[in-house]
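Printed here is coords_13.tsv (TSV, C-alpha atoms):
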chain	number	residue	atom	x	y	z
A	513	MET	CA	-170.32	50.58	19.37
A	514	LYS	CA	-173.34	48.39	18.58
A	515	ALA	CA	-173.87	47.23	15.01
A	516	ARG	CA	-177.31	48.87	14.94
A	517	THR	CA	-175.86	52.21	15.99
A	518	LEU	CA	-173.11	51.88	13.41
A	519	ARG	CA	-175.70	51.18	10.68
A	520	ARG	CA	-177.65	54.22	11.84
A	521	HIS	CA	-174.57	56.43	11.55
A	522	MET	CA	-173.80	54.99	8.11
A	523	LYS	CA	-177.33	55.68	6.84
A	524	GLU	CA	-177.22	59.18	8.32
A	525	SER	CA	-173.89	59.86	6.60
A	526	LEU	CA	-175.20	58.72	3.21
A	527	ARG	CA	-178.39	60.75	3.70
A	528	ASN	CA	-176.39	63.87	4.54
A	529	LEU	CA	-174.11	63.42	1.53
A	530	ALA	CA	-177.13	63.13	-0.76
A	531	ARG	CA	-178.97	66.02	0.93
A	532	ASN	CA	-176.00	68.38	0.58
A	533	GLY	CA	-175.30	67.48	-3.03
A	534	TRP	CA	-173.38	70.56	-4.11
A	535	MET	CA	-171.25	70.69	-0.99
A	536	THR	CA	-170.55	66.97	-1.33
A	537	PHE	CA	-169.49	67.58	-4.93
A	538	ALA	CA	-167.26	70.47	-3.82
A	539	SER	CA	-165.61	68.35	-1.13
A	540	ILE	CA	-165.00	65.41	-3.45
A	541	SER	CA	-163.65	67.80	-6.10
A	542	ALA	CA	-161.22	69.31	-3.58
A	543	VAL	CA	-160.03	65.83	-2.58
A	544	THR	CA	-159.73	64.78	-6.23
A	545	VAL	CA	-157.70	67.80	-7.35
A	546	THR	CA	-155.31	67.75	-4.40
A	547	LEU	CA	-154.78	63.98	-4.49
A	548	LEU	CA	-154.23	64.19	-8.25
A	549	LEU	CA	-151.46	66.74	-7.71
A	550	VAL	CA	-149.95	64.74	-4.86
A	551	GLY	CA	-150.19	61.49	-6.84
A	552	VAL	CA	-148.65	62.86	-10.05
A	553	PHE	CA	-145.81	64.55	-8.19
A	554	PHE	CA	-145.23	61.43	-6.06
A	555	VAL	CA	-145.00	59.20	-9.17
A	556	ILE	CA	-142.56	61.61	-10.82
A	557	MET	CA	-140.37	61.89	-7.73
A	558	MET	CA	-140.30	58.12	-7.12
A	559	ASN	CA	-139.20	57.51	-10.72
A	560	LEU	CA	-136.59	60.27	-10.53
A	561	ASN	CA	-135.32	58.62	-7.36
A	562	LYS	CA	-135.21	55.26	-9.19
A	563	VAL	CA	-133.26	56.80	-12.10
A	564	ALA	CA	-130.88	58.51	-9.66
A	565	THR	CA	-130.31	55.21	-7.84
A	566	ASP	CA	-129.65	53.41	-11.14
A	567	ILE	CA	-127.10	56.07	-12.11
A	568	GLU	CA	-125.43	55.86	-8.69
A	569	GLU	CA	-125.16	52.09	-8.92
A	570	ASP	CA	-123.71	52.26	-12.45
A	571	VAL	CA	-120.88	54.63	-11.50
A	572	SER	CA	-117.59	52.75	-11.31
A	573	ILE	CA	-113.82	53.19	-11.10
A	574	ARG	CA	-111.73	52.23	-14.12
A	575	VAL	CA	-108.20	51.10	-13.25
A	576	HIS	CA	-105.82	51.08	-16.24
A	577	ILE	CA	-103.25	48.35	-15.70
A	578	ASP	CA	-99.58	49.11	-16.41
A	579	ILE	CA	-98.53	47.53	-19.73
A	580	ALA	CA	-95.45	46.14	-18.00
A	581	ALA	CA	-97.59	44.06	-15.61
A	582	THR	CA	-97.44	40.29	-16.03
A	583	LYS	CA	-100.39	37.97	-15.45
A	584	GLU	CA	-99.18	37.40	-11.90
A	585	ASP	CA	-98.88	41.17	-11.35
A	586	GLN	CA	-102.46	41.65	-12.59
A	587	ASP	CA	-103.72	38.96	-10.23
A	588	THR	CA	-101.87	40.59	-7.34
A	589	LEU	CA	-103.31	44.01	-8.20
A	590	LYS	CA	-106.83	42.57	-8.37
A	591	SER	CA	-106.36	40.82	-5.02
A	592	ASN	CA	-105.13	44.04	-3.40
A	593	ILE	CA	-108.10	45.99	-4.78
A	594	GLU	CA	-110.54	43.37	-3.45
A	595	LYS	CA	-108.97	43.72	0.01
A	596	ILE	CA	-110.20	47.33	0.22
A	597	SER	CA	-113.21	47.15	2.55
A	598	GLU	CA	-115.39	49.54	0.53
A	599	VAL	CA	-114.97	47.57	-2.72
A	600	ASP	CA	-117.94	45.47	-3.82
A	601	SER	CA	-116.65	43.85	-7.03
A	602	VAL	CA	-113.69	43.87	-9.44
A	603	VAL	CA	-114.18	42.85	-13.10
A	604	TYR	CA	-111.33	42.39	-15.58
A	605	SER	CA	-111.77	43.91	-19.06
A	606	PRO	CA	-108.97	43.08	-21.56
A	607	LYS	CA	-107.88	45.74	-24.00
A	608	GLU	CA	-109.52	43.84	-26.88
A	609	ASP	CA	-112.91	44.27	-25.20
A	610	GLU	CA	-112.11	47.90	-24.45
A	611	LEU	CA	-111.44	48.56	-28.14
A	612	ASN	CA	-114.62	46.74	-29.21
A	613	ASN	CA	-116.66	48.75	-26.71
A	614	LEU	CA	-115.11	51.97	-28.00
A	615	ILE	CA	-115.93	51.08	-31.60
A	616	SER	CA	-119.55	50.15	-30.68
A	617	SER	CA	-120.12	53.32	-28.64
A	618	LEU	CA	-119.01	55.61	-31.51
A	619	GLY	CA	-121.26	54.02	-34.13
A	620	GLU	CA	-120.18	54.72	-37.72
A	621	GLU	CA	-117.32	56.95	-36.54
A	622	GLY	CA	-115.95	54.01	-34.55
A	623	GLU	CA	-115.20	52.09	-37.75
A	624	ALA	CA	-111.96	54.08	-38.07
A	625	PHE	CA	-110.65	52.53	-34.85
A	626	LYS	CA	-110.75	49.03	-36.38
A	627	LEU	CA	-107.34	49.91	-37.81
A	628	PHE	CA	-105.95	49.48	-34.28
A	629	GLU	CA	-107.14	45.88	-33.88
A	630	GLN	CA	-103.69	44.52	-34.81
A	631	ASP	CA	-101.78	47.05	-32.71
A	632	ASN	CA	-104.13	47.89	-29.84
A	633	PRO	CA	-102.96	51.05	-27.98
A	634	LEU	CA	-105.49	50.67	-25.13
A	635	TYR	CA	-104.87	49.25	-21.65
A	636	ASP	CA	-106.28	46.24	-19.87
A	637	VAL	CA	-108.72	47.54	-17.25
A	638	PHE	CA	-110.18	46.57	-13.90
A	639	ILE	CA	-113.73	47.90	-13.46
A	640	VAL	CA	-114.28	48.46	-9.74
A	641	LYS	CA	-117.69	48.85	-8.10
A	642	THR	CA	-117.95	50.24	-4.57
A	643	LYS	CA	-120.48	49.23	-1.93
A	644	GLN	CA	-121.69	52.81	-1.69
A	645	PRO	CA	-121.36	55.53	-4.40
A	646	GLU	CA	-119.96	57.90	-1.76
A	647	HIS	CA	-116.89	55.64	-1.44
A	648	LEU	CA	-115.70	56.27	-5.00
A	649	GLU	CA	-113.21	59.02	-4.21
A	650	SER	CA	-111.63	57.34	-1.19
A	651	VAL	CA	-111.34	53.97	-2.97
A	652	ALA	CA	-109.84	55.60	-6.07
A	653	LYS	CA	-107.13	57.25	-3.97
A	654	LYS	CA	-106.28	53.94	-2.29
A	655	ILE	CA	-106.01	52.17	-5.67
A	656	GLU	CA	-103.71	54.90	-7.01
A	657	ASP	CA	-101.11	53.87	-4.40
A	658	LEU	CA	-101.07	50.22	-5.55
A	659	ASP	CA	-98.35	48.80	-7.78
A	660	PHE	CA	-99.16	48.47	-11.51
A	661	ALA	CA	-102.23	50.75	-11.26
A	662	PHE	CA	-101.14	53.02	-14.11
A	663	LYS	CA	-104.14	55.34	-14.18
A	664	VAL	CA	-107.33	55.51	-12.08
A	665	ARG	CA	-110.41	57.22	-13.48
A	666	TYR	CA	-113.92	57.70	-12.18
A	667	GLY	CA	-114.92	61.10	-13.58
A	668	GLN	CA	-114.41	62.96	-10.31
A	669	ASP	CA	-115.93	66.29	-11.34
A	670	ASP	CA	-118.92	64.72	-13.10
A	671	VAL	CA	-119.57	62.29	-10.24
A	672	GLU	CA	-119.46	65.03	-7.61
A	673	LYS	CA	-121.86	67.18	-9.64
A	674	LEU	CA	-124.15	64.19	-10.16
A	675	PHE	CA	-124.28	63.28	-6.47
A	676	SER	CA	-124.90	66.95	-5.57
A	677	PHE	CA	-127.77	67.15	-8.08
A	678	ILE	CA	-129.29	63.86	-6.86
A	679	LYS	CA	-129.12	64.95	-3.21
A	680	THR	CA	-130.69	68.34	-3.99
A	681	SER	CA	-133.44	66.77	-6.11
A	682	ARG	CA	-134.38	64.31	-3.38
A	683	ASN	CA	-134.48	67.00	-0.69
A	684	VAL	CA	-136.51	69.39	-2.84
A	685	GLY	CA	-138.87	66.57	-3.83
A	686	LEU	CA	-139.44	65.56	-0.21
A	687	VAL	CA	-140.18	69.17	0.82
A	688	LEU	CA	-142.61	69.65	-2.08
A	689	ILE	CA	-144.48	66.40	-1.36
A	690	VAL	CA	-144.85	67.30	2.34
A	691	GLY	CA	-145.94	70.82	1.34
A	692	LEU	CA	-148.55	69.44	-1.06
A	693	LEU	CA	-149.92	67.11	1.63
A	694	PHE	CA	-150.34	69.94	4.13
A	695	THR	CA	-151.92	72.11	1.44
A	696	ALA	CA	-154.32	69.29	0.59
A	697	MET	CA	-155.29	68.85	4.23
A	698	PHE	CA	-155.85	72.60	4.61
A	699	LEU	CA	-158.00	72.90	1.47
A	700	ILE	CA	-160.08	69.83	2.22
A	701	SER	CA	-160.52	70.84	5.86
A	702	ASN	CA	-161.84	74.25	4.80
A	703	THR	CA	-164.13	72.75	2.17
A	704	ILE	CA	-165.60	70.27	4.65
A	705	LYS	CA	-165.85	73.03	7.22
A	706	ILE	CA	-168.17	74.93	4.88
A	707	THR	CA	-170.50	71.93	4.70
A	708	ILE	CA	-170.54	71.66	8.48
A	709	VAL	CA	-171.15	75.40	8.99
A	710	ALA	CA	-174.29	75.03	6.89
A	711	ARG	CA	-175.48	72.35	9.36
A	712	ARG	CA	-174.46	74.01	12.62
A	713	LYS	CA	-178.09	74.46	13.72
A	714	GLU	CA	-178.63	70.73	13.29
A	715	ILE	CA	-175.62	70.05	15.53
A	716	GLU	CA	-176.81	72.58	18.14
A	717	ILE	CA	-180.28	70.99	18.27
A	718	MET	CA	-178.80	67.52	18.72
A	719	LYS	CA	-176.64	68.82	21.57
A	720	LEU	CA	-179.59	70.49	23.25
A	721	VAL	CA	-181.69	67.30	23.21
A	722	GLY	CA	-178.89	65.39	24.93
A	723	ALA	CA	-176.85	63.77	22.13
A	724	THR	CA	-173.26	63.00	23.15
A	725	ASN	CA	-170.31	64.44	21.26
A	726	SER	CA	-169.29	61.03	19.93
A	727	PHE	CA	-172.85	60.33	18.70
A	728	ILE	CA	-172.81	63.61	16.73
A	729	ARG	CA	-169.24	63.18	15.54
A	730	TRP	CA	-169.57	59.65	14.09
A	731	PRO	CA	-171.72	60.55	11.02
A	732	PHE	CA	-169.29	63.34	10.16
A	733	PHE	CA	-166.40	60.94	10.71
A	734	MET	CA	-167.94	58.53	8.20
A	735	GLU	CA	-168.77	61.33	5.79
A	736	GLY	CA	-165.15	62.43	5.78
A	737	LEU	CA	-164.05	58.83	5.25
A	738	MET	CA	-166.39	58.40	2.26
A	739	LEU	CA	-165.49	61.79	0.79
A	740	GLY	CA	-161.80	60.92	0.97
A	741	ILE	CA	-162.21	57.49	-0.60
A	742	LEU	CA	-164.54	58.76	-3.36
A	743	GLY	CA	-162.15	61.62	-4.05
A	744	SER	CA	-159.28	59.16	-4.58
A	745	VAL	CA	-161.04	57.14	-7.30
A	746	ILE	CA	-160.47	59.58	-10.18
A	747	PRO	CA	-156.80	60.33	-9.34
A	748	ILE	CA	-156.01	56.60	-9.08
A	749	SER	CA	-157.73	55.83	-12.39
A	750	PHE	CA	-156.18	58.78	-14.22
A	751	ILE	CA	-152.65	58.28	-12.91
A	752	SER	CA	-152.77	54.51	-13.57
A	753	MET	CA	-153.91	55.04	-17.16
A	754	ILE	CA	-151.28	57.71	-17.90
A	755	TYR	CA	-148.50	55.80	-16.17
A	756	ARG	CA	-149.26	52.56	-18.03
A	757	TYR	CA	-148.98	54.38	-21.37
A	758	SER	CA	-145.87	56.31	-20.29
A	759	TYR	CA	-144.21	53.18	-18.88
A	760	GLU	CA	-144.74	51.17	-22.08
A	761	TYR	CA	-143.58	54.04	-24.31
A	762	ILE	CA	-140.51	55.07	-22.29
A	763	SER	CA	-139.46	51.48	-21.56
A	764	SER	CA	-139.43	50.71	-25.28
A	765	LYS	CA	-137.18	53.73	-25.88
A	766	LEU	CA	-134.85	52.81	-23.01
A	767	GLN	CA	-134.67	49.13	-23.89
A	768	GLY	CA	-131.13	47.88	-23.35
A	769	HIS	CA	-130.17	50.80	-21.11
A	770	PHE	CA	-129.45	50.41	-17.40
A	771	ILE	CA	-131.95	53.19	-16.57
A	772	GLN	CA	-135.54	51.95	-16.23
A	773	LEU	CA	-138.79	53.26	-14.77
A	774	LEU	CA	-140.48	51.57	-11.84
A	775	GLU	CA	-142.53	48.61	-13.08
A	776	PHE	CA	-146.27	49.29	-13.42
A	777	ASN	CA	-147.05	46.35	-11.18
A	778	PRO	CA	-146.67	46.58	-8.18
A	779	PHE	CA	-145.82	50.32	-8.21
A	780	MET	CA	-149.28	51.52	-9.31
A	781	PHE	CA	-151.02	49.30	-6.76
A	782	GLN	CA	-148.82	50.83	-4.07
A	783	VAL	CA	-149.62	54.35	-5.31
A	784	GLY	CA	-153.33	53.51	-5.41
A	785	GLY	CA	-153.27	52.18	-1.86
A	786	LEU	CA	-151.36	55.25	-0.68
A	787	LEU	CA	-153.86	57.65	-2.30
A	788	VAL	CA	-156.83	55.81	-0.76
A	789	LEU	CA	-155.21	56.00	2.68
A	790	LEU	CA	-154.33	59.67	2.20
A	791	GLY	CA	-157.83	60.47	0.99
A	792	ALA	CA	-159.41	58.64	3.93
A	793	PHE	CA	-157.06	60.27	6.43
A	794	ILE	CA	-157.45	63.86	5.26
A	795	GLY	CA	-161.23	63.40	4.84
A	796	ILE	CA	-161.58	62.12	8.41
A	797	TRP	CA	-159.16	64.71	9.75
A	798	GLY	CA	-160.99	67.55	7.98
A	799	SER	CA	-164.39	66.41	9.29
A	800	VAL	CA	-163.27	65.81	12.88
A	801	MET	CA	-161.34	69.08	13.15
A	802	SER	CA	-164.13	71.09	11.53
A	803	VAL	CA	-167.01	69.72	13.66
A	804	ARG	CA	-165.13	70.09	16.93
A	805	LYS	CA	-165.84	73.81	17.41
A	806	PHE	CA	-169.58	73.32	16.93
A	807	LEU	CA	-169.77	70.74	19.69
A	808	LYS	CA	-169.21	73.46	22.32
A	809	VAL	CA	-172.80	74.59	22.89

Could the structure of this file be written out as C-alpha cells, please?
Amino acid sequence: MKARTLRRHMKESLRNLARNGWMTFASISAVTVTLLLVGVFFVIMMNLNKVATDIEEDVSIRVHIDIAATKEDQDTLKSNIEKISEVDSVVYSPKEDELNNLISSLGEEGEAFKLFEQDNPLYDVFIVKTKQPEHLESVAKKIEDLDFAFKVRYGQDDVEKLFSFIKTSRNVGLVLIVGLLFTAMFLISNTIKITIVARRKEIEIMKLVGATNSFIRWPFFMEGLMLGILGSVIPISFISMIYRYSYEYISSKLQGHFIQLLEFNPFMFQVGGLLVLLGAFIGIWGSVMSVRKFLKV
C-alpha cells in the first residue's frame, strides 16, 4: 500500500471517529470495561500462581535422624538421600537449631522451652528438597527405608490438599480468563457493529462507485486498532496505580516471609503491553468481522 493511500485511510479513520462521537465513546467504553476486568483478573491470577509456586517450592521433607547414629552414620544417611534422583538438596539442621527455631516460632509461649536447652529432647534433622513438589511422597517413602532415618515427615494430608487446591485454582483461573477474553471480543464486536450499521449506506455507495473491499475495509481496520488502543489506556493506568499501592503495602506486611507478590517492574510493563495488544486485536477483529457482511452488495 502506498504511503499516500495509507495517510488517506488514517485521516478517514480519525474523521469517522470524530463524526460518530457517541458511538466512538461507546466502543471505547466497552473496550475499557472489558479490558479492566480482564486486566484485574489476570493480575490476581498471576499473583495467586506466584504465591502457589512459592508455597510449592517451600514444601520439604524433614528426616529425623536416629539418636543412636554416629557422625559417620549421619554422613552415610545424607549420602544415600542425595543419591535419590528426585532429590534436589539436603540440609543438616542440628537439634540445637531445631529447638531455637521452635522457641522463635512460638513467641512468648516458646520461652518455656528454654528449660530444655541443657537436655534437648529434639532430633537432629535433614531437610530435604525435591526437584518437583510432586515427588515428595515417593521420595519420603524411599527415605523411610534407609538406615538411621528414625521418622520422615512432610505433612502428607496437608500437602495433598494444598496441591489439589493449587491445581484447581490454576485450572479455574485459566478458564475464567479465556471466558472473559471471549466475552470481551463478543461485546466489543457488537458495539463496533452498531457503529458500522449506522454507516452501511456509506459502504454501499462506495461499493457501487467501484471501491474495492480492501479500500473500504482499511479505514475500519484502523478505527478498530485505535479504539482498542485508546480503550486500553484507562485500564493500564488504573491497574498500575492500584497495583503499585497494593504491592508496597502487602510487601511491607510480608517482609521476611518466603511468599512475595510479583515485582511491580517488570510485571506491570508486561501487563500493560498485553492489554495494548489485546485491545488492538479485539478492536481490529471486531471491526473486520462486523464490516464483512456489508461488503456483499

Taking only C-alpha atoms into account, which of A:Ser591, A:Ser541, A:Thr546, A:Ser726 comes nearest A:Gly691? A:Thr546

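Restricting the calculation to all atoms listed in the file, the smallest distance between A:Pro731 and any of A:Phe677, A:Glu656, A:Ser601, A:Ser799 is found for A:Ser799.
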
Axis-aligned box for all listed atoms of stretch 586-595 of chain A, 4 Å per side, centre and edges in Å to one decimal, as lines of an AutoDock Vina configuration file:
center_x = -106.2
center_y = 42.5
center_z = -6.3
size_x = 16.7
size_y = 15.0
size_z = 20.6

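Proximity ranking of A:Met753, A:Leu739, A:Met558, A:Ile748 relative to A:Ile540 places A:Leu739 first, based on only C-alpha atoms.
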
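Here atom CA of A:Ile717 stands at a distance of 24.1 Å from atom CA of A:Leu737.
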
So which residues touch stretch 774-784 of chain A within 10 Å, counting all atoms listed in the file, skipping near sequence neighbours fewer than 4 positions away, as a PyMOL selection string? chain A and resi 551-552+554-555+558-563+744-745+747-749+751-753+755-760+763+788-790

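The space separating atom CA of A:Asp566 from atom CA of A:Phe662 comes to 28.7 Å.
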
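For the residues A:Val603, A:Val571, A:Ile715, A:Ile678, ranking by smallest atom-to-atom distance to A:Glu649 using all atoms listed in the file places A:Val571 first.
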
Dig up all the protein and nucleic acid residues within 12 Å of (-97.8, 44.4, -16.7) in the file frame, using all atoms listed in the file, and format them as a ChimeraX atom specification. /A:576-589,635-637,659-662

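You will find atom CA of A:Leu786 at 27.0 Å from atom CA of A:Trp534.
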